[in-house]
>>> print(open('query21.tsv').read())   # TSV, C-alpha atoms
chain	number	residue	atom	x	y	z
O	29	MET	CA	14.33	5.90	31.43
O	30	GLU	CA	13.73	3.17	33.99
O	31	LYS	CA	12.40	-0.33	33.47
O	32	SER	CA	9.38	-1.60	35.34
O	33	GLN	CA	8.98	-5.15	36.67
O	34	ASN	CA	7.60	-6.34	33.33
O	35	GLY	CA	10.59	-4.89	31.47
O	36	VAL	CA	8.78	-1.90	29.97
O	37	GLU	CA	10.69	1.37	29.97
O	38	GLU	CA	9.04	4.11	32.00
O	39	PRO	CA	9.92	7.81	32.36
O	40	THR	CA	12.34	8.66	35.15
O	41	PRO	CA	10.45	10.49	37.93
O	42	ILE	CA	11.30	14.18	38.21
O	43	SER	CA	11.20	15.92	41.59
O	44	LEU	CA	10.31	19.61	41.31
O	45	PRO	CA	9.22	22.35	43.70
O	46	LYS	CA	5.47	22.75	44.06
O	47	GLU	CA	5.48	26.09	42.23
O	48	VAL	CA	7.35	24.59	39.24
O	49	VAL	CA	4.98	21.61	39.08
O	50	LYS	CA	2.08	24.04	38.78
O	51	ARG	CA	3.78	25.80	35.86
O	52	VAL	CA	4.62	22.53	34.10
O	53	ASN	CA	0.99	21.41	34.42
O	54	ALA	CA	-0.07	24.71	32.90
O	55	LEU	CA	2.23	24.03	29.93
O	56	LYS	CA	0.80	20.53	29.53
O	57	ASN	CA	-2.70	22.00	29.47
O	58	ILE	CA	-1.52	24.32	26.71
O	59	GLN	CA	-0.13	21.30	24.91
O	60	LEU	CA	-3.56	19.63	25.08
O	61	THR	CA	-5.10	22.66	23.42
O	62	MET	CA	-2.46	22.47	20.71
O	63	VAL	CA	-3.36	18.83	20.07
O	64	ASP	CA	-7.02	19.83	19.69
O	65	ILE	CA	-6.03	22.45	17.13
O	66	GLU	CA	-3.91	19.88	15.30
O	67	THR	CA	-6.85	17.46	15.03
O	68	LYS	CA	-8.97	20.25	13.53
O	69	PHE	CA	-6.18	21.01	11.06
O	70	TYR	CA	-6.08	17.42	9.82
O	71	ASP	CA	-9.88	17.36	9.74
O	72	GLU	CA	-9.90	20.29	7.34
O	73	LEU	CA	-6.91	18.92	5.43
O	74	HIS	CA	-8.79	15.70	4.64
O	75	ARG	CA	-11.79	17.65	3.36
O	76	LEU	CA	-9.42	19.73	1.23
O	77	GLU	CA	-7.89	16.55	-0.19
O	78	CYS	CA	-11.38	15.29	-1.06
O	79	ARG	CA	-12.22	18.53	-2.85
O	80	TYR	CA	-9.07	18.48	-4.95
O	81	ALA	CA	-9.40	14.75	-5.65
O	82	ALA	CA	-12.62	15.54	-7.55
O	83	MET	CA	-10.59	17.77	-9.88
O	84	PHE	CA	-8.48	14.77	-10.92
O	85	ASP	CA	-11.48	12.60	-11.81
O	86	PRO	CA	-11.89	13.95	-15.39
O	87	LEU	CA	-8.18	13.37	-16.01
O	88	TYR	CA	-8.38	9.81	-14.70
O	89	ALA	CA	-11.43	9.24	-16.92
O	90	GLN	CA	-9.46	10.49	-19.93
O	91	ARG	CA	-6.56	8.18	-19.02
O	92	GLU	CA	-8.94	5.22	-18.78
O	93	LEU	CA	-10.32	5.93	-22.27
O	94	ILE	CA	-6.85	6.07	-23.83
O	95	VAL	CA	-5.52	3.00	-21.99
O	96	ASN	CA	-8.49	0.87	-23.10
O	97	GLY	CA	-8.60	2.12	-26.69
O	98	ASN	CA	-11.85	4.05	-26.43
O	99	TYR	CA	-10.19	7.32	-27.42
O	100	GLU	CA	-7.36	7.90	-29.87
O	101	PRO	CA	-5.25	10.97	-29.02
O	102	THR	CA	-4.81	13.52	-31.79
O	103	ASN	CA	-1.34	14.13	-33.21
O	104	GLU	CA	-1.14	17.27	-31.11
O	105	GLU	CA	-2.16	15.42	-27.93
O	106	GLY	CA	0.29	12.64	-28.73
O	107	LYS	CA	3.26	14.99	-28.93
O	108	TRP	CA	5.32	15.04	-25.72
O	109	ALA	CA	4.71	18.46	-24.15
O	110	LEU	CA	8.28	18.71	-22.82
O	111	GLU	CA	10.02	17.58	-25.99
O	112	GLU	CA	12.56	20.38	-25.64
O	113	LEU	CA	13.75	18.77	-22.40
O	114	ALA	CA	14.28	15.37	-23.99
O	115	GLY	CA	18.06	15.82	-23.99
O	116	ASP	CA	18.14	16.52	-20.26
O	117	MET	CA	15.76	13.64	-19.56
O	118	GLU	CA	17.36	11.04	-21.83
O	119	LYS	CA	18.18	8.80	-18.88
O	120	LYS	CA	14.51	8.67	-18.00
O	121	ALA	CA	13.02	8.70	-21.49
O	122	VAL	CA	12.77	4.96	-22.10
O	123	ILE	CA	9.77	4.97	-24.47
O	124	THR	CA	10.87	5.26	-28.11
O	125	GLU	CA	9.38	4.42	-31.49
O	126	SER	CA	10.85	1.29	-33.05
O	127	LEU	CA	11.41	1.35	-36.80
O	128	SER	CA	11.63	-2.45	-36.85
O	129	ILE	CA	8.13	-2.94	-35.47
O	130	PRO	CA	5.38	-2.47	-38.06
O	131	GLU	CA	2.33	-0.39	-37.33
O	132	CYS	CA	-0.34	-2.30	-35.43
O	133	PRO	CA	-3.72	-0.69	-36.16
O	134	SER	CA	-5.44	-3.67	-34.53
O	135	VAL	CA	-3.85	-2.95	-31.13
O	136	ARG	CA	-6.30	-1.12	-28.88
O	137	GLY	CA	-5.10	1.36	-26.30
O	138	ILE	CA	-2.07	0.37	-24.22
O	139	PRO	CA	-2.15	-3.41	-23.66
O	140	GLU	CA	-1.52	-4.64	-20.11
O	141	PHE	CA	-0.96	-1.08	-18.90
O	142	TRP	CA	-1.87	-1.66	-15.24
O	143	LEU	CA	-0.18	-5.06	-15.00
O	144	HIS	CA	3.07	-3.60	-16.29
O	145	ALA	CA	2.82	-0.53	-14.03
O	146	MET	CA	2.14	-2.67	-10.95
O	147	LYS	CA	4.96	-5.10	-11.70
O	148	SER	CA	7.33	-2.14	-12.03
O	149	THR	CA	7.00	-1.50	-8.30
O	150	GLU	CA	8.63	-3.60	-5.62
O	151	ILE	CA	5.88	-3.44	-3.02
O	152	ILE	CA	3.13	-4.55	-5.42
O	153	GLY	CA	5.22	-6.48	-7.90
O	154	ASP	CA	6.41	-8.84	-5.17
O	155	ALA	CA	2.78	-9.69	-4.38
O	156	ILE	CA	1.93	-10.57	-7.98
O	157	GLN	CA	2.33	-14.28	-8.70
O	158	GLU	CA	2.56	-15.92	-12.11
O	159	HIS	CA	-1.00	-17.26	-11.77
O	160	ASP	CA	-2.25	-13.70	-11.08
O	161	GLU	CA	-1.02	-12.23	-14.36
O	162	PRO	CA	-3.65	-13.68	-16.72
O	163	ILE	CA	-6.34	-12.04	-14.56
O	164	LEU	CA	-4.54	-8.71	-14.17
O	165	LYS	CA	-4.32	-8.47	-17.95
O	166	HIS	CA	-8.07	-7.80	-17.75
O	167	LEU	CA	-7.59	-4.88	-15.33
O	168	ARG	CA	-8.81	-1.78	-17.16
O	169	ASP	CA	-8.63	0.91	-14.46
O	170	VAL	CA	-7.75	1.59	-10.81
O	171	ARG	CA	-9.39	4.50	-9.01
O	172	VAL	CA	-9.52	5.94	-5.51
O	173	ARG	CA	-12.77	7.36	-4.10
O	174	PHE	CA	-12.54	9.63	-1.06
O	175	ARG	CA	-15.16	9.90	1.67
O	176	ASP	CA	-15.55	13.43	3.01
O	177	SER	CA	-17.99	12.59	5.81
O	178	ILE	CA	-17.36	10.73	9.05
O	179	PRO	CA	-16.06	8.06	9.04
O	180	TYR	CA	-13.41	9.52	6.77
O	181	GLY	CA	-11.51	7.27	4.43
O	182	TYR	CA	-11.15	6.12	0.87
O	183	THR	CA	-11.97	3.16	-1.36
O	184	LEU	CA	-9.69	1.64	-3.95
O	185	GLU	CA	-11.61	0.41	-7.00
O	186	PHE	CA	-10.18	-2.14	-9.43
O	187	HIS	CA	-12.24	-2.27	-12.64
O	188	PHE	CA	-12.03	-5.44	-14.75
O	189	ASP	CA	-13.17	-6.43	-18.20
O	190	PRO	CA	-15.36	-9.55	-18.33
O	191	ASN	CA	-13.15	-12.57	-17.77
O	192	GLU	CA	-13.27	-16.31	-17.13
O	193	TYR	CA	-12.08	-16.07	-13.53
O	194	PHE	CA	-14.76	-14.14	-11.60
O	195	THR	CA	-18.03	-12.38	-12.22
O	196	ASN	CA	-17.20	-9.12	-10.39
O	197	SER	CA	-16.71	-6.10	-12.62
O	198	VAL	CA	-15.20	-4.12	-9.72
O	199	LEU	CA	-13.14	-5.28	-6.74
O	200	THR	CA	-12.79	-2.89	-3.80
O	201	LYS	CA	-10.71	-2.27	-0.71
O	202	THR	CA	-12.04	0.34	1.73
O	203	TYR	CA	-10.05	2.10	4.45
O	204	GLU	CA	-11.53	4.18	7.26
O	205	LEU	CA	-9.47	6.73	9.16
O	206	THR	CA	-9.86	9.03	12.12
O	207	THR	CA	-8.46	12.46	12.79
O	208	ASP	CA	-9.34	12.20	16.49
O	209	LYS	CA	-6.80	11.79	19.26
O	210	ASP	CA	-6.65	8.86	21.64
O	211	PRO	CA	-8.38	10.18	24.80
O	212	LYS	CA	-6.19	7.89	26.93
O	213	ASP	CA	-2.95	9.06	25.29
O	214	PRO	CA	-3.54	12.46	23.63
O	215	PHE	CA	0.13	13.43	23.51
O	216	ALA	CA	0.83	10.47	21.21
O	217	TYR	CA	-1.25	12.11	18.47
O	218	ASP	CA	0.58	12.13	15.16
O	219	GLY	CA	-2.08	12.95	12.61
O	220	PRO	CA	-4.80	10.86	10.94
O	221	ALA	CA	-4.64	7.12	11.44
O	222	LEU	CA	-6.29	4.28	9.58
O	223	TYR	CA	-8.19	1.96	11.89
O	224	LYS	CA	-10.32	-0.18	9.58
O	225	SER	CA	-9.68	-2.12	6.37
O	226	ILE	CA	-12.54	-3.86	4.59
O	227	GLY	CA	-12.10	-6.07	1.56
O	228	CYS	CA	-14.73	-7.52	-0.74
O	229	ILE	CA	-16.06	-10.92	-1.75
O	230	ILE	CA	-14.66	-12.20	-5.04
O	231	ASN	CA	-17.25	-14.28	-6.88
O	232	TRP	CA	-14.92	-16.85	-8.38
O	233	ASN	CA	-16.10	-19.05	-11.20
O	234	PRO	CA	-15.88	-22.82	-10.55
O	235	GLU	CA	-12.28	-24.05	-10.31
O	236	LYS	CA	-10.91	-20.57	-11.08
O	237	ASN	CA	-10.02	-19.38	-7.57
O	238	ILE	CA	-6.27	-18.82	-7.78
O	239	THR	CA	-5.95	-17.86	-4.08
O	240	VAL	CA	-6.22	-21.54	-3.16
O	241	LYS	CA	-4.61	-24.70	-4.44
O	242	LEU	CA	-5.76	-28.31	-4.27
O	243	VAL	CA	-3.48	-30.69	-2.40
O	244	LYS	CA	-3.84	-34.42	-1.88
O	245	LYS	CA	-3.29	-35.80	1.61
O	246	LYS	CA	-3.33	-39.24	3.15
O	247	GLN	CA	-5.77	-39.96	5.97
O	248	LYS	CA	-5.52	-43.05	8.17
O	249	HIS	CA	-8.64	-44.50	9.77
O	250	LYS	CA	-8.22	-44.69	13.56
O	251	SER	CA	-9.77	-48.12	14.06
O	252	SER	CA	-9.30	-50.02	10.80
O	253	GLY	CA	-5.97	-48.48	9.83
O	254	THR	CA	-7.04	-48.11	6.22
O	255	ILE	CA	-5.62	-45.17	4.28
O	256	ARG	CA	-7.48	-42.96	1.90
O	257	ILE	CA	-6.46	-40.02	-0.26
O	258	VAL	CA	-8.43	-36.82	0.19
O	259	THR	CA	-8.18	-33.54	-1.70
O	260	LYS	CA	-8.17	-30.34	0.32
O	261	GLU	CA	-7.92	-26.66	-0.45
O	262	GLU	CA	-4.99	-24.68	0.93
O	263	LYS	CA	-4.30	-20.96	0.75
O	264	GLN	CA	-1.55	-19.87	-1.60
O	265	ASP	CA	0.19	-16.58	-2.31
O	266	SER	CA	-1.72	-14.30	-4.65
O	267	PHE	CA	-2.18	-10.59	-5.25
O	268	PHE	CA	-5.91	-11.19	-4.87
O	269	ASN	CA	-5.46	-12.00	-1.18
O	270	PHE	CA	-5.22	-8.21	-0.87
O	271	PHE	CA	-9.00	-8.07	-1.21
O	272	GLU	CA	-9.47	-9.91	2.08
O	273	SER	CA	-9.79	-7.95	5.32
O	274	PRO	CA	-6.63	-8.29	7.46
O	275	THR	CA	-8.77	-9.07	10.54
O	276	PRO	CA	-12.19	-10.76	10.72
O	277	ASP	CA	-13.99	-7.48	11.45
O	278	GLY	CA	-11.48	-5.26	9.66
O	279	ILE	CA	-10.62	-3.40	12.86
O	280	ARG	CA	-7.00	-2.63	13.63
O	281	PRO	CA	-6.20	-4.35	16.96
O	282	SER	CA	-4.33	-1.36	18.41
O	283	TYR	CA	-7.40	0.87	17.86
O	284	ARG	CA	-10.10	-1.30	19.41
O	285	HIS	CA	-9.86	0.51	22.75
O	286	ILE	CA	-10.29	3.86	20.99
O	287	LEU	CA	-13.44	2.79	19.16
O	288	ASP	CA	-14.79	1.09	22.28
O	289	PRO	CA	-13.56	2.64	25.57
O	290	THR	CA	-14.92	-0.39	27.48
O	291	TYR	CA	-12.79	-2.81	25.47
O	292	GLU	CA	-10.25	-4.76	27.50
O	293	PRO	CA	-7.75	-6.93	25.58
O	294	LYS	CA	-7.55	-10.54	26.73
O	295	GLU	CA	-4.14	-11.93	27.54
O	296	GLU	CA	-4.81	-15.12	25.59
O	297	ASN	CA	-5.47	-13.03	22.45
O	298	GLU	CA	-2.25	-11.01	22.75
O	299	GLU	CA	-0.23	-13.11	20.31
O	300	GLN	CA	-3.03	-13.15	17.72
O	301	ASP	CA	-3.47	-9.38	18.05
O	302	GLU	CA	0.24	-8.89	17.37
O	303	GLU	CA	0.01	-11.03	14.23
O	304	ASP	CA	-3.11	-9.18	13.10
O	305	GLU	CA	-1.39	-5.83	13.68
O	306	GLU	CA	1.47	-6.91	11.40
O	307	LEU	CA	-1.00	-8.05	8.74
O	308	TYR	CA	-2.78	-4.72	9.01
O	309	GLU	CA	0.46	-2.76	8.61
O	310	ALA	CA	1.36	-4.71	5.47
O	311	ASP	CA	-2.17	-4.30	4.11
O	312	PHE	CA	-2.19	-0.56	4.75
O	313	GLU	CA	1.25	-0.14	3.18
O	314	ILE	CA	-0.01	-1.57	-0.12
O	315	GLY	CA	-3.26	0.41	0.00
O	316	HIS	CA	-1.40	3.61	0.81
O	317	PHE	CA	1.00	3.02	-2.08
O	318	PHE	CA	-1.89	2.65	-4.54
O	319	LYS	CA	-3.51	5.84	-3.25
O	320	GLU	CA	-0.45	8.07	-2.99
O	321	PHE	CA	1.77	6.83	-5.80
O	322	LEU	CA	0.57	4.26	-8.31
O	323	ILE	CA	-2.87	5.65	-9.13
O	324	PRO	CA	-1.82	9.30	-9.62
O	325	LYS	CA	1.47	8.43	-11.38
O	326	ALA	CA	0.69	5.17	-13.18
O	327	VAL	CA	2.21	6.18	-16.52
O	328	LEU	CA	5.56	6.94	-14.87
O	329	TYR	CA	5.68	3.46	-13.35
O	330	TYR	CA	4.65	2.00	-16.71
O	331	THR	CA	7.54	3.73	-18.48
O	332	GLY	CA	10.01	3.00	-15.67
O	333	GLU	CA	10.66	6.70	-15.06
O	334	LEU	CA	9.52	6.28	-11.46
O	335	VAL	CA	10.69	3.36	-9.37
O	336	ASP	CA	9.59	2.03	-6.02
O	337	GLU	CA	12.72	1.29	-4.02
O	338	SER	CA	10.98	0.31	-0.80
O	339	GLY	CA	13.51	-2.46	-0.25
O	340	TYR	CA	16.40	-0.04	0.15
O	341	ASP	CA	17.40	1.65	3.39
O	342	ASP	CA	18.70	5.21	3.33
O	343	GLU	CA	22.17	5.11	4.81
O	344	ASP	CA	24.91	7.72	4.97
O	345	TYR	CA	28.28	6.64	3.69
O	346	ASP	CA	31.48	8.20	2.38
O	347	ASP	CA	32.86	7.79	-1.10
O	348	ASP	CA	36.20	6.97	0.52
O	349	ASP	CA	34.62	3.96	2.20
O	350	ASP	CA	33.48	2.68	-1.20
O	351	GLU	CA	36.98	3.06	-2.62
O	352	ASN	CA	38.53	1.25	0.34
O	353	ASP	CA	36.07	-1.62	-0.02
O	354	GLN	CA	36.36	-1.88	-3.81
O	355	ASN	CA	39.24	-4.36	-3.85
O	356	ASP	CA	37.51	-6.62	-1.33
O	357	GLU	CA	34.27	-6.53	-3.32
O	358	GLU	CA	36.07	-7.54	-6.52
O	359	ASP	CA	37.24	-10.72	-4.83
O	360	GLU	CA	33.79	-11.65	-3.61
O	361	GLU	CA	31.49	-13.81	-5.69
O	362	GLU	CA	28.28	-11.99	-6.65
O	363	THR	CA	25.18	-13.92	-5.72
O	364	ASP	CA	22.57	-11.31	-6.60
O	365	ASP	CA	23.08	-9.14	-9.67
O	366	GLU	CA	20.13	-6.93	-8.81
O	367	ASP	CA	21.68	-5.86	-5.51
O	368	SER	CA	24.85	-4.76	-7.28
O	369	LYS	CA	23.12	-2.39	-9.69
O	370	PRO	CA	23.44	1.32	-8.93
O	371	ARG	CA	20.29	3.22	-8.06
O	372	VAL	CA	19.90	6.03	-10.53
O	373	LYS	CA	16.16	6.54	-10.55
O	374	LYS	CA	13.89	8.46	-8.26
O	375	SER	CA	12.71	6.69	-5.15
O	376	THR	CA	9.25	7.09	-3.70
O	377	LYS	CA	9.02	7.54	0.05
O	378	LYS	CA	6.21	5.96	2.01
O	379	SER	CA	4.48	7.69	4.87
O	380	ASN	CA	3.27	6.06	8.03
O	381	LYS	CA	0.36	8.46	8.16
O	382	ALA	CA	-2.96	8.11	6.38
>>> encode(input="query21.tsv", output="C-alpha cells")
Amino acid sequence: MEKSQNGVEEPTPISLPKEVVKRVNALKNIQLTMVDIETKFYDELHRLECRYAAMFDPLYAQRELIVNGNYEPTNEEGKWALEELAGDMEKKAVITESLSIPECPSVRGIPEFWLHAMKSTEIIGDAIQEHDEPILKHLRDVRVRFRDSIPYGYTLEFHFDPNEYFTNSVLTKTYELTTDKDPKDPFAYDGPALYKSIGCIINWNPEKNITVKLVKKKQKHKSSGTIRIVTKEEKQDSFFNFFESPTPDGIRPSYRHILDPTYEPKEENEEQDEEDEELYEADFEIGHFFKEFLIPKAVLYYTGELVDESGYDDEDYDDDDDENDQNDEEDEEETDDEDSKPRVKKSTKKSNKA
C-alpha cells in the first residue's frame, strides 16, 4: 500500500500485460455479479426472518401475561422441562425456592422482570442511571416488530404501565436497513446495513423529565455589572436518551451519499459528521442487542444464566503465562474486584451487521 498526499493509503499500482488486464477485468465483472446475487440472498433472508419472527409472537404474548401476573402457570407448566439436567447445569441454575421466605399470594407475576434483565447486561446496564429505575419498574414488555417491505427494518417497542413520569403507553425506536450495495463502492458490500434510526417523543409530565437536570448559574449584566441567578436545564445521562434520534434527521452520516447520489459532504461539517457517526454506532449497538439477545432471551438474563461480556476482549494466552505472572499479581494491590473475577458464564457476541 502507498500513501497519497493527504496520508490516505492507496493500493499499489500493478503493471500487467494487456491480455492479463483483460482477464482480470473479466473476473471483476464476475465479482460484480456475485455481489448482486449476495444482495438478493440478504433480501430473501430478511423476509425469512420476518416470517419466522411472527411465529415467536404468541410465545412473547404468553411471556408478557406471566410476567405481569395476568396468567398463572399450571403446576405442569411451572415444572422445569429439563429437570433431569439440573445436576449438569447447577452452575447456571441460580433460581431456587427459599424455605425462609413465606408464600406471597399478593405478588403478581415477576416483579421488575425487565429492569432486572436489563441491568444484568453490561451494554444496557451501564446506560441505566439510578433516576431511571423507578420508571423502568413500570416496564411491562419489550417487543420487536419487523418490517418486511421496503424500507426494511424493525421497531423496538417498550410497553409501560401508567406512571407518574410520562403519558406514553409505548416508547419506540425504529431502525431502517438496506440490502442494496453502494453503487460507488460495490466491492465493499458486507450484507445489510442500518442507515436510519428514529426515536420518539416522550410526553413527560411537568417536572418529571429525568433526562435533564436544573442547574443554577450566575449571570452578570454587561453594563450595570449586577449579578442574577438563573435556572437552566442541562442534559444528563439517562437510559431514556436512547429514545432520541442520534442525528437530527436520523440518517447515518456515512450513508447520506447512498440515499442521495447528489449529496456532497461539506468540509466544515466533517467533524460533526464523525461525532454523529460515533453516536449512531453506539445507538445501533444497543438497538441490535435488544433485538438479537435481550428480547428473545430475557429470562436467561433475568436469572443470570446468560451474561453480556461486551467489555471483554477475546485474547489468546497460555496457561504458563498465567503461572509466571501469578507471583507478581499477588504483590499488586487490587483496585477493581470485578476485573479479577473469572469469567465462567456464556458470552454473547455482537455483530456489526444488521
>>> residues_around(input="query21.tsv", residues="Asp169 in chain O", least_positions_apart="4", cutoff="7 Å", atoms="only C-alpha atoms", output="list in words")
Glu92, Phe186 and His187 of chain O
>>> atom_distance(input="query21.tsv", atom1="CA of Glu292 in chain O", atom2="CA of Lys212 in chain O")
13.3 Å
>>> closest_residue(input="query21.tsv", among="O:Arg171, O:Lys250, O:Gln157, O:Gly97", to="Ser134 in chain O", atoms="all atoms listed in the file")
O:Gly97
>>> atom_distance(input="query21.tsv", atom1="CA of Ser43 in chain O", atom2="CA of Leu55 in chain O")
16.8 Å
>>> atom_distance(input="query21.tsv", atom1="CA of Phe174 in chain O", atom2="CA of Thr206 in chain O")
13.5 Å
>>> residues_near_point(input="query21.tsv", point="(-1.4, -28.5, 0.1)", cutoff="8 Å", atoms="all atoms listed in the file", output="PyMOL selection string")
chain O and resi 241-245+260-262
>>> decode(input="query21.tsv", residues="range 195-206 of chain O", atoms="C-alpha atoms", output="mmCIF file, in the first residue's frame")
data_model
loop_
_atom_site.group_PDB
_atom_site.id
_atom_site.type_symbol
_atom_site.label_atom_id
_atom_site.label_comp_id
_atom_site.auth_asym_id
_atom_site.auth_seq_id
_atom_site.Cartn_x
_atom_site.Cartn_y
_atom_site.Cartn_z
ATOM 1 C CA THR O 195 -48.215 9.779 29.436
ATOM 2 C CA ASN O 196 -46.916 7.448 26.696
ATOM 3 C CA SER O 197 -48.002 3.836 26.994
ATOM 4 C CA VAL O 198 -45.429 2.767 24.383
ATOM 5 C CA LEU O 199 -41.995 4.193 23.566
ATOM 6 C CA THR O 200 -40.425 3.208 20.250
ATOM 7 C CA LYS O 201 -37.110 3.161 18.434
ATOM 8 C CA THR O 202 -37.237 2.393 14.702
ATOM 9 C CA TYR O 203 -34.331 1.266 12.535
ATOM 10 C CA GLU O 204 -34.325 1.142 8.735
ATOM 11 C CA LEU O 205 -31.874 -1.002 6.808
ATOM 12 C CA THR O 206 -30.907 -1.635 3.221
#
